[in-house]
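Shown below: my_file-v2.cif, with mmCIF, C-alpha atoms and all ligand atoms.
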data_run
#
loop_
_atom_site.group_PDB
_atom_site.id
_atom_site.type_symbol
_atom_site.label_atom_id
_atom_site.label_comp_id
_atom_site.auth_asym_id
_atom_site.auth_seq_id
_atom_site.Cartn_x
_atom_site.Cartn_y
_atom_site.Cartn_z
ATOM 1 C CA MET A 1 18.916 18.102 -31.800
ATOM 2 C CA THR A 2 18.027 14.785 -30.211
ATOM 3 C CA LYS A 3 14.799 14.672 -28.275
ATOM 4 C CA CYS A 4 13.307 12.079 -26.051
ATOM 5 C CA MET A 5 10.052 10.671 -27.368
ATOM 6 C CA ALA A 6 7.526 8.495 -25.542
ATOM 7 C CA ALA A 7 4.859 6.199 -26.899
ATOM 8 C CA PRO A 8 2.000 8.599 -27.745
ATOM 9 C CA LEU A 9 -0.751 9.109 -25.165
ATOM 10 C CA SER A 10 -3.808 11.343 -25.358
ATOM 11 C CA ARG A 11 -5.032 13.369 -22.370
ATOM 12 C CA GLN A 12 -8.018 11.034 -22.143
ATOM 13 C CA GLN A 13 -5.671 8.015 -21.861
ATOM 14 C CA ILE A 14 -3.655 9.820 -19.187
ATOM 15 C CA THR A 15 -6.875 10.704 -17.305
ATOM 16 C CA ASN A 16 -7.738 7.005 -17.386
ATOM 17 C CA ILE A 17 -4.312 5.923 -16.066
ATOM 18 C CA ALA A 18 -4.688 8.414 -13.191
ATOM 19 C CA LEU A 19 -8.117 6.985 -12.407
ATOM 20 C CA VAL A 20 -6.688 3.441 -12.374
ATOM 21 C CA VAL A 21 -4.043 4.546 -9.844
ATOM 22 C CA ARG A 22 -6.746 6.250 -7.725
ATOM 23 C CA THR A 23 -8.917 3.128 -7.886
ATOM 24 C CA LEU A 24 -6.026 0.837 -6.876
ATOM 25 C CA ASP A 25 -5.469 3.206 -3.970
ATOM 26 C CA GLY A 26 -9.171 3.223 -3.053
ATOM 27 C CA THR A 27 -9.316 7.039 -3.316
ATOM 28 C CA GLU A 28 -11.172 7.440 -6.618
ATOM 29 C CA ASN A 29 -13.972 9.413 -4.946
ATOM 30 C CA GLU A 30 -11.749 11.648 -2.819
ATOM 31 C CA LEU A 31 -10.482 15.050 -3.840
ATOM 32 C CA TYR A 32 -7.243 14.785 -1.878
ATOM 33 C CA PHE A 33 -4.559 12.315 -2.903
ATOM 34 C CA ASP A 34 -1.698 11.741 -0.486
ATOM 35 C CA ILE A 35 1.122 11.191 -2.960
ATOM 36 C CA VAL A 36 3.789 10.783 -0.263
ATOM 37 C CA ARG A 37 1.836 8.052 1.548
ATOM 38 C CA PHE A 38 1.065 6.389 -1.804
ATOM 39 C CA MET A 39 4.753 6.211 -2.728
ATOM 40 C CA GLU A 40 5.903 5.092 0.697
ATOM 41 C CA ILE A 41 3.200 2.585 1.591
ATOM 42 C CA LYS A 42 0.976 1.630 -1.343
ATOM 43 C CA LEU A 43 3.340 1.563 -4.304
ATOM 44 C CA PRO A 44 5.720 -1.039 -2.782
ATOM 45 C CA ARG A 45 2.725 -3.402 -2.545
ATOM 46 C CA PHE A 46 2.305 -3.242 -6.327
ATOM 47 C CA ILE A 47 6.006 -2.944 -7.211
ATOM 48 C CA PRO A 48 7.901 -4.841 -4.478
ATOM 49 C CA ASP A 49 11.374 -3.633 -5.493
ATOM 50 C CA PHE A 50 10.305 -0.004 -5.757
ATOM 51 C CA ASN A 51 12.613 2.429 -3.984
ATOM 52 C CA LEU A 52 11.869 6.013 -3.016
ATOM 53 C CA ILE A 53 15.204 7.662 -2.345
ATOM 54 C CA ILE A 54 15.371 11.049 -0.634
ATOM 55 C CA GLU A 55 18.506 12.817 -1.836
ATOM 56 C CA GLU A 56 20.477 15.636 -0.299
ATOM 57 C CA LYS A 57 20.127 18.953 -2.054
ATOM 58 C CA SER A 58 23.819 18.947 -2.953
ATOM 59 C CA LYS A 59 23.432 15.665 -4.820
ATOM 60 C CA LEU A 60 20.424 16.453 -6.992
ATOM 61 C CA GLY A 61 21.270 20.142 -7.533
ATOM 62 C CA GLU A 62 18.685 21.865 -9.712
ATOM 63 C CA CYS A 63 16.784 18.609 -10.193
ATOM 64 C CA HIS A 64 13.679 18.336 -7.996
ATOM 65 C CA GLY A 65 13.189 14.689 -8.833
ATOM 66 C CA LEU A 66 14.761 12.003 -10.981
ATOM 67 C CA THR A 67 13.318 8.648 -11.959
ATOM 68 C CA TYR A 68 14.973 5.455 -13.199
ATOM 69 C CA PRO A 69 11.990 3.412 -14.452
ATOM 70 C CA ASP A 70 14.076 0.363 -15.318
ATOM 71 C CA ARG A 71 15.487 0.251 -11.769
ATOM 72 C CA ASN A 72 12.123 1.106 -10.152
ATOM 73 C CA GLU A 73 13.702 4.089 -8.419
ATOM 74 C CA ILE A 74 12.398 7.570 -7.770
ATOM 75 C CA HIS A 75 14.845 10.091 -6.323
ATOM 76 C CA ILE A 76 13.335 13.191 -4.703
ATOM 77 C CA ARG A 77 15.337 16.140 -3.398
ATOM 78 C CA GLU A 78 14.973 16.340 0.381
ATOM 79 C CA ASP A 79 13.535 19.861 0.499
ATOM 80 C CA VAL A 80 10.957 18.893 -2.153
ATOM 81 C CA TYR A 81 10.015 15.776 -0.155
ATOM 82 C CA GLU A 82 9.695 17.748 3.078
ATOM 83 C CA ARG A 83 7.484 20.393 1.488
ATOM 84 C CA ALA A 84 5.361 17.696 -0.190
ATOM 85 C CA LEU A 85 4.905 16.102 3.240
ATOM 86 C CA MET A 86 3.624 19.448 4.525
ATOM 87 C CA GLY A 87 1.145 19.670 1.665
ATOM 88 C CA ASN A 88 2.884 22.056 -0.730
ATOM 89 C CA GLY A 89 1.085 21.813 -4.090
ATOM 90 C CA ARG A 90 4.040 22.336 -6.386
ATOM 91 C CA ASP A 91 6.145 19.700 -4.627
ATOM 92 C CA ARG A 92 3.276 17.214 -4.487
ATOM 93 C CA LEU A 93 2.924 17.694 -8.245
ATOM 94 C CA THR A 94 6.643 16.985 -8.710
ATOM 95 C CA MET A 95 6.205 13.640 -6.963
ATOM 96 C CA ALA A 96 3.121 12.784 -9.044
ATOM 97 C CA HIS A 97 5.073 13.752 -12.176
ATOM 98 C CA GLU A 98 7.906 11.375 -11.250
ATOM 99 C CA LEU A 99 5.389 8.601 -10.574
ATOM 100 C CA PHE A 100 4.293 8.744 -14.196
ATOM 101 C CA HIS A 101 7.880 8.395 -15.441
ATOM 102 C CA LEU A 102 8.142 5.291 -13.269
ATOM 103 C CA LEU A 103 4.892 3.770 -14.540
ATOM 104 C CA GLN A 104 5.197 4.584 -18.233
ATOM 105 C CA HIS A 105 8.695 5.521 -19.302
ATOM 106 C CA GLU A 106 10.770 2.406 -19.089
ATOM 107 C CA LYS A 107 13.232 1.953 -21.960
ATOM 108 C CA LYS A 108 10.830 0.071 -24.184
ATOM 109 C CA ASN A 109 8.472 3.077 -24.295
ATOM 110 C CA ILE A 110 11.135 5.714 -24.961
ATOM 111 C CA SER A 111 12.969 6.485 -28.153
ATOM 112 C CA TYR A 112 15.346 9.226 -29.232
ATOM 113 C CA ALA A 113 14.405 11.274 -32.236
ATOM 114 C CA ARG A 114 16.649 13.577 -34.241
ATOM 115 C CA ILE A 115 14.589 16.591 -35.172
ATOM 116 C CA GLU A 116 15.179 20.023 -36.679
ATOM 117 C CA SER A 117 16.035 22.426 -33.881
ATOM 118 C CA GLU A 118 13.154 24.837 -34.631
ATOM 119 C CA GLU A 119 10.624 22.032 -34.505
ATOM 120 C CA ASP A 120 9.360 20.441 -31.352
ATOM 121 C CA ILE A 121 7.891 17.037 -30.785
ATOM 122 C CA GLU A 122 4.129 16.901 -30.387
ATOM 123 C CA ALA A 123 2.969 17.277 -26.792
ATOM 124 C CA PHE A 124 1.330 13.855 -26.690
ATOM 125 C CA ARG A 125 4.715 12.212 -27.479
ATOM 126 C CA ASP A 126 6.689 14.385 -25.051
ATOM 127 C CA PRO A 127 7.441 12.416 -21.856
ATOM 128 C CA GLU A 128 7.593 15.644 -19.818
ATOM 129 C CA TRP A 129 4.182 16.827 -21.064
ATOM 130 C CA GLN A 130 2.750 13.380 -20.336
ATOM 131 C CA ALA A 131 4.155 13.356 -16.798
ATOM 132 C CA ASP A 132 2.856 16.896 -16.114
ATOM 133 C CA ALA A 133 -0.580 15.998 -17.469
ATOM 134 C CA PHE A 134 -0.675 12.876 -15.303
ATOM 135 C CA GLY A 135 0.353 14.813 -12.188
ATOM 136 C CA GLY A 136 -2.580 17.192 -12.711
ATOM 137 C CA GLU A 137 -5.026 14.366 -13.389
ATOM 138 C CA LEU A 138 -3.899 12.373 -10.360
ATOM 139 C CA LEU A 139 -4.037 15.232 -7.852
ATOM 140 C CA ILE A 140 -7.133 16.885 -9.366
ATOM 141 C CA PRO A 141 -9.583 14.165 -10.454
ATOM 142 C CA ALA A 142 -11.522 15.396 -13.497
ATOM 143 C CA HIS A 143 -14.741 13.617 -12.540
ATOM 144 C CA LEU A 144 -14.949 15.359 -9.145
ATOM 145 C CA ILE A 145 -14.235 19.002 -9.947
ATOM 146 C CA HIS A 146 -16.995 20.090 -12.293
ATOM 147 C CA ASN A 147 -18.827 22.412 -9.886
ATOM 148 C CA MET A 148 -15.738 23.748 -8.170
ATOM 149 C CA THR A 149 -13.830 27.020 -8.413
ATOM 150 C CA ALA A 150 -10.038 27.108 -8.702
ATOM 151 C CA GLY A 151 -9.867 28.378 -5.103
ATOM 152 C CA GLU A 152 -11.858 25.407 -3.824
ATOM 153 C CA ILE A 153 -9.648 23.003 -5.780
ATOM 154 C CA VAL A 154 -6.503 24.586 -4.266
ATOM 155 C CA GLU A 155 -7.899 24.044 -0.789
ATOM 156 C CA LYS A 156 -9.431 20.581 -1.195
ATOM 157 C CA CYS A 157 -6.853 18.943 -3.501
ATOM 158 C CA LYS A 158 -3.836 20.745 -1.978
ATOM 159 C CA VAL A 159 -2.446 21.912 -5.314
ATOM 160 C CA SER A 160 -1.119 25.243 -6.584
ATOM 161 C CA TYR A 161 -3.536 27.828 -8.000
ATOM 162 C CA LYS A 162 -1.796 27.502 -11.356
ATOM 163 C CA ALA A 163 -2.406 23.732 -11.485
ATOM 164 C CA ALA A 164 -6.025 24.143 -10.350
ATOM 165 C CA SER A 165 -6.939 26.729 -12.966
ATOM 166 C CA TYR A 166 -5.107 24.836 -15.711
ATOM 167 C CA GLN A 167 -6.934 21.631 -14.858
ATOM 168 C CA LEU A 168 -10.262 23.444 -14.714
ATOM 169 C CA GLY A 169 -9.660 24.880 -18.179
ATOM 170 C CA LYS A 170 -8.844 21.420 -19.535
ATOM 171 C CA HIS A 171 -11.998 19.819 -18.248
ATOM 172 C CA ARG A 172 -14.646 22.537 -17.963
ATOM 173 C CA ASN A 173 -16.019 21.988 -21.482
ATOM 174 C CA GLN A 174 -16.641 18.312 -20.912
ATOM 175 C CA TYR A 175 -19.066 19.003 -18.093
ATOM 176 C CA VAL A 176 -21.076 21.945 -19.346
ATOM 177 C CA GLY A 177 -24.737 21.141 -18.755
HETATM 178 ZN ZN ZN B 201 10.089 14.682 -15.850
#

What would the structure in this file look like if it were written as structure tokens?
Amino acid sequence: MTKCMAAPLSRQQITNIALVVRTLDGTENELYFDIVRFMEIKLPRFIPDFNLIIEEKSKLGECHGLTYPDRNEIHIREDVYERALMGNGRDRLTMAHELFHLLQHEKKNISYARIESEEDIEAFRDPEWQADAFGGELLIPAHLIHNMTAGEIVEKCKVSYKAASYQLGKHRNQYVG
């Protein structure tokens, strides 16, 4: 089986990339990150030929989002975009996930590996794991959540309960004491 492999990145490196994006946006001390506004207004200032394309449901099918890093294009299914606009956590995470593909997964960072079917590539080389990890780090900043409950994170960061509790589990140990 051929699998897509990205240049390896640790969670700490991904946390740092998310913090750089937050800092460029001027929202490094805010719990809420408006991913839609970032893509529509801020990102084109850094990447002038960036295009956010909202696609009809019939065109993207099962795909919630699709990114072409070498063309600087992110395609988001229209229902996903509309729900993200209304603050739906899962859809906001999809957009943050696609942002990472755009920033990190251009051709020069991706290779194709033939591996035994029962094996899997390590998470830190898996572009999908990396993009999921980044989405969580971007929408739920690790340095701001240490005294919060999952319920508070859901409300303040506008993310799903699943994402909030996962992120809390990832970072709780670093802040004990
Ligand atoms: Zn993806």

Got a sec to check which residues lie within 7 Å of ligand ZN 201 (chain B), using all atoms listed in the file, and send them as an mmCIF file with C-alpha atoms, in the coordinates of the input?
data_model
loop_
_atom_site.group_PDB
_atom_site.id
_atom_site.type_symbol
_atom_site.label_atom_id
_atom_site.label_comp_id
_atom_site.auth_asym_id
_atom_site.auth_seq_id
_atom_site.Cartn_x
_atom_site.Cartn_y
_atom_site.Cartn_z
ATOM 1 C CA HIS A 97 5.073 13.752 -12.176
ATOM 2 C CA GLU A 98 7.906 11.375 -11.250
ATOM 3 C CA HIS A 101 7.880 8.395 -15.441
ATOM 4 C CA PRO A 127 7.441 12.416 -21.856
ATOM 5 C CA GLU A 128 7.593 15.644 -19.818
ATOM 6 C CA ALA A 131 4.155 13.356 -16.798
#

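For the pair CA of Lys57 (chain A) and CA of Lys158 (chain A), the interatomic distance is 24.0 Å.
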
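Residues surrounding Ile74 (chain A) within 7 Å are Asn51, Leu52, Ile53, Leu66, Thr67, Tyr68 and Glu98 of chain A [all atoms listed in the file; sequence separation below 5 positions excluded].
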
Next item on the list: Place a sphere of radius 10 Å on (4.4, 13.6, -3.6) in the file coordinates and name every protein, DNA or RNA residue with an atom inside or on its surface, counting all atoms listed in the file; give the answer as number ranges by chain.
Entry: A: 33-40, 76, 80-85, 87-99, 135, 139

Notebook entry, point to check: Nearest to Asp132 (chain A) among A:Phe100, A:Glu30, A:Thr15, A:Lys59, with distances taken over all atoms listed in the file: which residue is it?
Noted result: A:Phe100

Kindly provide, as lines of an AutoDock Vina configuration file, the centre and edge lengths (Å, one decimal) of an axis-aligned box around all atoms of region 67-72 of chain A given in the file, with 3 Å on each side.
center_x = 13.7
center_y = 4.4
center_z = -12.7
size_x = 9.5
size_y = 14.4
size_z = 11.2

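You can rank A:Ala123, A:Leu168, A:Val21, A:Ile41 by their closest distance to Gly151 (chain A) using all atoms listed in the file, and at the top of that list sits A:Leu168.
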
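Selection check: the PyMOL selection byres (((chain A and resi 77) around 8) and not hetatm) on the shown file gives Ile54, Glu55, Glu56, Lys57, Leu60, Cys63, His64, Gly65, His75, Ile76, Glu78, Asp79, Val80 and Tyr81 of chain A.
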
Item checked: Length of the CA of Pro48 (chain A) to CA of Asn16 (chain A) vector [Å] -> 23.5 Å

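In this comparison, which uses all atoms listed in the file, the residue of A:Thr2, A:Gln104, A:Thr23, A:Gln167 approaching Ala133 (chain A) most closely is A:Gln167.
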
Next item on the list: Write out as a ChimeraX atom specification which residues come within 9 Å of Ala164 (chain A) when counting only C-alpha atoms, dropping same-chain ones fewer than 3 positions away.
Entry: /A:136,140,149-154,157,159-161,167-169

Keeping only C-alpha atoms, write the selected residues as a PDB file, in the frame of the given file.
ATOM      1  CA  GLY A 136      -2.580  17.192 -12.711  1.00  0.00           C
ATOM      2  CA  ILE A 140      -7.133  16.885  -9.366  1.00  0.00           C
ATOM      3  CA  THR A 149     -13.830  27.020  -8.413  1.00  0.00           C
ATOM      4  CA  ALA A 150     -10.038  27.108  -8.702  1.00  0.00           C
ATOM      5  CA  GLY A 151      -9.867  28.378  -5.103  1.00  0.00           C
ATOM      6  CA  GLU A 152     -11.858  25.407  -3.824  1.00  0.00           C
ATOM      7  CA  ILE A 153      -9.648  23.003  -5.780  1.00  0.00           C
ATOM      8  CA  VAL A 154      -6.503  24.586  -4.266  1.00  0.00           C
ATOM      9  CA  CYS A 157      -6.853  18.943  -3.501  1.00  0.00           C
ATOM     10  CA  VAL A 159      -2.446  21.912  -5.314  1.00  0.00           C
ATOM     11  CA  SER A 160      -1.119  25.243  -6.584  1.00  0.00           C
ATOM     12  CA  TYR A 161      -3.536  27.828  -8.000  1.00  0.00           C
ATOM     13  CA  GLN A 167      -6.934  21.631 -14.858  1.00  0.00           C
ATOM     14  CA  LEU A 168     -10.262  23.444 -14.714  1.00  0.00           C
ATOM     15  CA  GLY A 169      -9.660  24.880 -18.179  1.00  0.00           C
TER      16      GLY A 169
END

Note to self: I want to know what sits within 6 Å of Phe124 (chain A), based on all atoms listed in the file, with residues of the same chain fewer than 3 positions away left out; could you give that as a VMD selection string?
What the structure shows: chain A and resid 8 to 10

Those residues you just picked out, can you put them in a file as a PDB file, in the coordinates of the input with C-alpha atoms?
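Heads up, here's the output in part-v4.pdb:
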ATOM      1  CA  PRO A   8       2.000   8.599 -27.745  1.00  0.00           C
ATOM      2  CA  LEU A   9      -0.751   9.109 -25.165  1.00  0.00           C
ATOM      3  CA  SER A  10      -3.808  11.343 -25.358  1.00  0.00           C
TER       4      SER A  10
END

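When CA of Leu102 (chain A) is paired with CA of Ile47 (chain A), their separation reads 10.4 Å.
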
Note to self: Need to verify the contact set: region 107-115 of chain A, 10 Å, all atoms listed in the file, exclusion of same-chain residues closer than 6 positions in sequence. Can you return it as a VMD selection string?
What the structure shows: chain A and resid 1 to 8 68 to 70 121 125 to 127
